[in-house]
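K.L.:
Supplied in structure tokens, the structure appears directly below.
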There are 2 protein chains.
Amino acid sequence: MKNDAASPTPQKPLPLDLARLKTACSNCNLREICLPAGLSHDEIDQLDDMVYTRKRLRRGDALYRTGERFDAIYAIRSGFFKTRVTTTDGRDQVTGFSMAGEILGMDGISHDVHSCDAVALEDSEICTIPYNHLQTLAIAVPSLQRHFHKVMSREIVRENGVMMLLGVMRAEERLAAFLLNLSQRLSARGYSALEFNLRMTREEIGSYLGMKLETVSRAFSKFQADGLIEVDQKYICIRNLAGLREIYAHHTY
Amino acid sequence: MKNDAASPTPQKPLPLDLARLKTACSNCNLREICLPAGLSHDEIDQLDDMVYTRKRLRRGDALYRTGERFDAIYAIRSGFFKTRVTTTDGRDQVTGFSMAGEILGMDGISHDVHSCDAVALEDSEICTIPYNHLQTLAIAVPSLQRHFHKVMSREIVRENGVMMLLGVMRAEERLAAFLLNLSQRLSARGYSALEFNLRMTREEIGSYLGMKLETVSRAFSKFQADGLIEVDQKYICIRNLAGLREIYAHHTY
DNA sequence: CGCCAGGTTGACACTTTTCAAGCCGCGTGG
DNA sequence: CCACGCGGCTTGAAAAGTGTCAACCTGGCG
């Protein structure tokens with residue numbers, strides 16, 4: 001929708017337009033983390049043809065919602081998302097937080113309809129990967145099939161971890177687990193492992209961890225009082241990583 | 001390894017031996033529920049070549065354990081399983097209960113190593129599906145690829161539901177959800193939806209639902225006192241399905 | 001400048017866990 | 001055939017952890 005796109009009849013189309021170039025997997029700096037991980041150069045080039053130009057979402061926008069028809073999975077190019085499921089009576093459970101390089105939408109494959117909402121927690125860019133194209137390409141590129149299976153399996157394993165968290169840990173252990181997980185994923189993306197700004201509210205953290213926002217707040221305060229972290233609203237600085245790990249591992253329930 | 005197989009040089013091999021026949025997907029009565037669901041006759045025949053003869057497990061045996069190398073997924077032919085993850089300090093969380101026609105082992109795809117244990121809760125038979133064969137066949141048979149994706153996606157969606165359960169429901173709602181889910185799956189397999197025997201202990205139910213066995217027991221007693229169910233140890237008879245549904249839906253937390 | 005969402009903190013209520021005792025059913029062995 | 005032991009289940013009473021409610025603070029934005 002830029003003015004450029006509506007400019008009068010070019011003699012022949014440019015081989016690559018800038019927007020296209022910027023979305024190609026082959027020169028995306030997330031290619032080692034994202035769907036193309038482990039593919040060869042040639043294979044990634046084939047992926048490029050399939051990944052549609054990026055879509056931008058503003059904070060609060062839904063990438064998809066429960067009940068919407070499923071036809072594509074999405075790779076997060078930049079930004080931050082939450083996924084959530086909602087009960088009949090309106091309460092909801094945040095099922096995960098997703099950041100750059102992670103894949104969303106796989107819940108939709110089972111019934112051709114999405115079974116959760118994915119909502120941007122900050123302005124974000126995503127790459128759309130039409131599922132039927134992915135299926136076709138997975139046949140031509142076995143290592144893509146393999147890697148897509150891994151991505152789905154990883155999601156299953158991740159959810160097992162959350163079930164563990166919700167099932168056997170107590171409030172402070174859950175929060176420690178949450179912070180350590182965030183720290184690890186941020187550092188895997190080249191950000192500081194010890195200092196970051198949360199993108200979600202206390203209520204969203206609470207929903208994810210199965211506790212009330214007040215309990216989240218108290219746990220943060222406790223950690224600060226114990227010198228484990230420094231908190232100022234969304235700002236977090238981890239002062240004692242080992243101490244956090246100890247709380248996390250110390251399931252002496 | 002039967003004597004038959006070692007018998008002296010048959011003129012030509014039988015087209016089908018009995019054991020083989022019995023494991024083939026094409027004449028398994030679970031084919032509408034299990035991995036072959038939605039495949040054509042011809043396609044199922046191709047699956048037959050891949051599914052290895054069944055393995056028997058006794059109650060208490062592990063189908064696989066955390067840390068074991070992954071190389072196959074498994075279809076439950078008969079019996080009942082639990083899957084569980086274990087913390088460093090030995091506590092564990094039951095992440096699911098599986099019955100005939102359901103697929104186990106997909107957790108292993110992500111890191112080529114299993115990340116949970118699958119344990120038989122009663123004597124069971126399972127079909128082994130080597131993962132590399134599955135990958136190969138999925139390329140030749142696109143509808144198999146599609147269906148395998150569905151199976152994995154369904155597992156993701158199921159886990160979302162469990163997270164909801166653990167995150168927002170209270171004890172009695174969880175138990176109602178558990179009973180309704182069991183009832184629904186049993187009836188989908190032709191068993192009674194209202195009367196069944198539990199295959200797991202109170203402790204296992206509690207681990208799955210994130211509560212202590214005493215709390216499970218109390219909730220059962222409460223349901224019985226309210227005329228919703230009849231309980232006698234493992235025996236359950238649902239007397240008021242609508243009432244159970246009401247408790248389940250009534251997340252007035 | 002004032003409003004409002006989001007966050008913190010305190011006091012109290014409630015659910016679930018913990019600890020403890022006892023029961024039941026079943027397989028083993030005298 | 002019956003006593004015994006043991007795992008699994010139930011129930012009660014007290015303790016602990018979270019949730020609830022309410023007040024207040026803070027920072028950002030119209």
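Labels used: A, B, ... for chains in the order of the structure tokens, numbers from 1 for residues in each chain, and numbers from 1 for ligands as shown.
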Could you write out as JSON, numbers by chain the residues of chain A within 6 Å of chain B, counting only C-alpha atoms?
P.N.:
{"A": [93, 107, 109, 110, 139, 150, 153, 154, 156, 157, 164, 166, 167, 210]}
K.L.:
Find the residues around segment 17-26 of chain D up to 12 Å (only C-alpha atoms (C1' of nucleotides) counted), leave out those fewer than 5 positions away in its own chain, and share them as a PyMOL selection string.
P.N.:
(chain A and resi 169-172+210-216+218-219+232-233+253) or (chain B and resi 168+170+253) or (chain C and resi 4-18)
K.L.:
Show me, as a PyMOL selection string, the residues that have an atom within 12 Å of Gly190 of chain A when counting only C-alpha atoms (C1' of nucleotides), minus same-chain residues fewer than 4 positions from it.
P.N.:
chain A and resi 29-30+33+100+183-186+194+196
K.L.:
Among segment 90-196 of chain B, which residues does DSSP mark as helix (DSSP H, G or I) when it is run on the backbone? Keep the chain and numbering as in the structure and answer as a PyMOL selection string.
P.N.:
chain B and resi 106-109+131-140+142-168+171-188
K.L.:
Between atom CA of Ala62 of chain A and atom CA of Ile126 of chain A, what is the distance in Å, rounded to a tenth?
P.N.:
11.7 Å
K.L.:
Among segment 31-208 of chain A, which ones does DSSP place in strand (DSSP E), written as a ChimeraX atom specification?
P.N.:
/A:52-57,62-64,72-78,80-86,92-99,103-104,117-120,124-130,195-197
K.L.:
Produce a file of the selected residues containing N, CA and C atoms, as a CSV table (one decimal), in the first residue's frame.
P.N.:
```csv
chain,number,residue,atom,x,y,z
A,52,TYR,N,5.6,-15.5,2.9
A,52,TYR,CA,5.0,-14.3,2.4
A,52,TYR,C,5.5,-13.1,3.1
A,53,THR,N,5.5,-12.0,2.4
A,53,THR,CA,5.9,-10.8,3.0
A,53,THR,C,5.4,-10.6,4.4
A,54,ARG,N,6.2,-9.9,5.2
A,54,ARG,CA,5.8,-9.8,6.6
A,54,ARG,C,4.5,-8.9,6.8
A,55,LYS,N,3.9,-9.2,7.9
A,55,LYS,CA,2.8,-8.4,8.3
A,55,LYS,C,3.2,-7.7,9.6
A,56,ARG,N,2.7,-6.5,9.8
A,56,ARG,CA,3.0,-5.8,11.0
A,56,ARG,C,1.7,-5.8,11.9
A,57,LEU,N,2.0,-6.0,13.1
A,57,LEU,CA,0.9,-5.9,14.1
A,57,LEU,C,1.3,-4.9,15.2
A,62,ALA,N,-4.5,-9.0,17.5
A,62,ALA,CA,-4.4,-10.5,17.4
A,62,ALA,C,-3.9,-10.9,16.1
A,63,LEU,N,-3.0,-11.8,16.2
A,63,LEU,CA,-2.5,-12.5,14.9
A,63,LEU,C,-3.5,-13.4,14.4
A,64,TYR,N,-4.1,-14.2,15.3
A,64,TYR,CA,-5.3,-15.0,15.0
A,64,TYR,C,-6.1,-15.2,16.3
A,72,ALA,N,-2.3,-20.9,7.8
A,72,ALA,CA,-0.9,-20.6,7.8
A,72,ALA,C,-0.3,-20.7,9.2
A,73,ILE,N,1.0,-21.0,9.3
A,73,ILE,CA,1.7,-20.8,10.5
A,73,ILE,C,2.5,-19.5,10.4
A,74,TYR,N,3.0,-19.0,11.5
A,74,TYR,CA,3.6,-17.7,11.5
A,74,TYR,C,5.0,-17.8,12.2
A,75,ALA,N,6.0,-17.1,11.7
A,75,ALA,CA,7.2,-17.0,12.3
A,75,ALA,C,7.3,-15.5,12.8
A,76,ILE,N,7.7,-15.4,14.1
A,76,ILE,CA,7.9,-14.0,14.6
A,76,ILE,C,9.2,-13.5,14.1
A,77,ARG,N,9.1,-12.4,13.4
A,77,ARG,CA,10.4,-11.7,13.0
A,77,ARG,C,10.9,-10.8,14.0
A,78,SER,N,10.0,-10.0,14.6
A,78,SER,CA,10.4,-9.2,15.7
A,78,SER,C,9.1,-9.0,16.6
A,80,PHE,N,6.8,-9.5,20.3
A,80,PHE,CA,6.6,-10.4,21.4
A,80,PHE,C,5.1,-10.7,21.5
A,81,PHE,N,4.8,-12.0,21.7
A,81,PHE,CA,3.4,-12.4,21.7
A,81,PHE,C,3.0,-13.2,22.9
A,82,LYS,N,1.7,-13.2,23.2
A,82,LYS,CA,1.2,-14.2,24.2
A,82,LYS,C,0.2,-15.0,23.4
A,83,THR,N,0.1,-16.3,23.8
A,83,THR,CA,-1.0,-17.1,23.4
A,83,THR,C,-1.9,-17.4,24.6
A,84,ARG,N,-3.2,-17.5,24.3
A,84,ARG,CA,-4.1,-17.8,25.5
A,84,ARG,C,-5.3,-18.6,25.0
A,85,VAL,N,-5.8,-19.4,25.9
A,85,VAL,CA,-7.1,-20.1,25.7
A,85,VAL,C,-8.1,-19.5,26.6
A,86,THR,N,-9.4,-19.5,26.2
A,86,THR,CA,-10.4,-18.8,27.0
A,86,THR,C,-11.5,-19.8,27.4
A,92,ASP,N,-9.4,-16.6,31.3
A,92,ASP,CA,-8.5,-17.2,30.3
A,92,ASP,C,-7.1,-17.5,30.9
A,93,GLN,N,-6.5,-18.4,30.2
A,93,GLN,CA,-5.2,-18.9,30.6
A,93,GLN,C,-4.1,-18.6,29.6
A,94,VAL,N,-3.1,-17.8,29.9
A,94,VAL,CA,-2.0,-17.6,29.0
A,94,VAL,C,-1.2,-18.9,28.9
A,95,THR,N,-1.1,-19.4,27.7
A,95,THR,CA,-0.4,-20.7,27.5
A,95,THR,C,1.1,-20.5,27.1
A,96,GLY,N,1.4,-19.3,26.7
A,96,GLY,CA,2.8,-19.1,26.4
A,96,GLY,C,3.2,-17.7,26.0
A,97,PHE,N,4.4,-17.4,26.1
A,97,PHE,CA,4.9,-16.1,25.5
A,97,PHE,C,5.9,-16.5,24.4
A,98,SER,N,5.8,-15.7,23.3
A,98,SER,CA,6.7,-16.1,22.2
A,98,SER,C,7.5,-14.9,21.7
A,99,MET,N,8.7,-15.1,21.3
A,99,MET,CA,9.6,-14.1,20.8
A,99,MET,C,10.2,-14.4,19.5
A,103,ILE,N,7.7,-20.0,16.4
A,103,ILE,CA,6.6,-20.3,15.5
A,103,ILE,C,5.3,-20.3,16.2
A,104,LEU,N,4.3,-19.7,15.6
A,104,LEU,CA,3.0,-19.6,16.2
A,104,LEU,C,2.0,-20.3,15.2
A,117,ASP,N,-5.9,-17.9,21.0
A,117,ASP,CA,-5.6,-16.5,20.5
A,117,ASP,C,-4.1,-16.3,20.6
A,118,ALA,N,-3.6,-15.6,19.6
A,118,ALA,CA,-2.2,-15.1,19.6
A,118,ALA,C,-2.3,-13.6,19.6
A,119,VAL,N,-1.8,-12.9,20.6
A,119,VAL,CA,-1.9,-11.4,20.7
A,119,VAL,C,-0.5,-10.8,20.8
A,120,ALA,N,-0.3,-9.8,20.1
A,120,ALA,CA,1.0,-9.0,20.1
A,120,ALA,C,1.1,-8.2,21.4
A,124,SER,N,4.9,-5.7,16.4
A,124,SER,CA,5.6,-6.9,16.0
A,124,SER,C,5.5,-7.0,14.5
A,125,GLU,N,6.5,-7.8,14.0
A,125,GLU,CA,6.4,-8.2,12.5
A,125,GLU,C,6.4,-9.7,12.5
A,126,ILE,N,5.6,-10.2,11.6
A,126,ILE,CA,5.6,-11.7,11.5
A,126,ILE,C,5.7,-12.1,10.0
A,127,CYS,N,6.2,-13.3,9.8
A,127,CYS,CA,6.2,-13.9,8.5
A,127,CYS,C,5.2,-14.9,8.4
A,128,THR,N,4.4,-14.9,7.3
A,128,THR,CA,3.3,-15.9,7.1
A,128,THR,C,3.8,-17.0,6.3
A,129,ILE,N,3.6,-18.2,6.7
A,129,ILE,CA,4.0,-19.4,6.0
A,129,ILE,C,2.7,-20.2,5.7
A,130,PRO,N,2.2,-20.1,4.5
A,130,PRO,CA,0.9,-20.9,4.2
A,130,PRO,C,1.2,-22.4,4.4
A,195,GLU,N,19.5,-8.6,32.4
A,195,GLU,CA,18.8,-7.3,32.5
A,195,GLU,C,17.9,-7.2,31.3
A,196,PHE,N,16.6,-7.0,31.6
A,196,PHE,CA,15.6,-6.9,30.5
A,196,PHE,C,14.4,-6.2,31.0
A,197,ASN,N,13.5,-5.9,30.0
A,197,ASN,CA,12.2,-5.3,30.3
A,197,ASN,C,11.1,-6.3,30.0
```
K.L.:
Identify every residue of chain D that has at least one atom within 10 Å of any atom of chain B, counting only C-alpha atoms (C1' of nucleotides), and report the result as a list in words.
P.N.:
DG8, DC9, DT10, DT11 and DG19 of chain D
K.L.:
What does the distance from atom CA of Ser26 of chain B to atom CA of Gly101 of chain B come to in Å, to one decimal?
P.N.:
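Between atom CA of Ser26 of chain B and atom CA of Gly101 of chain B the gap is 13.6 Å.
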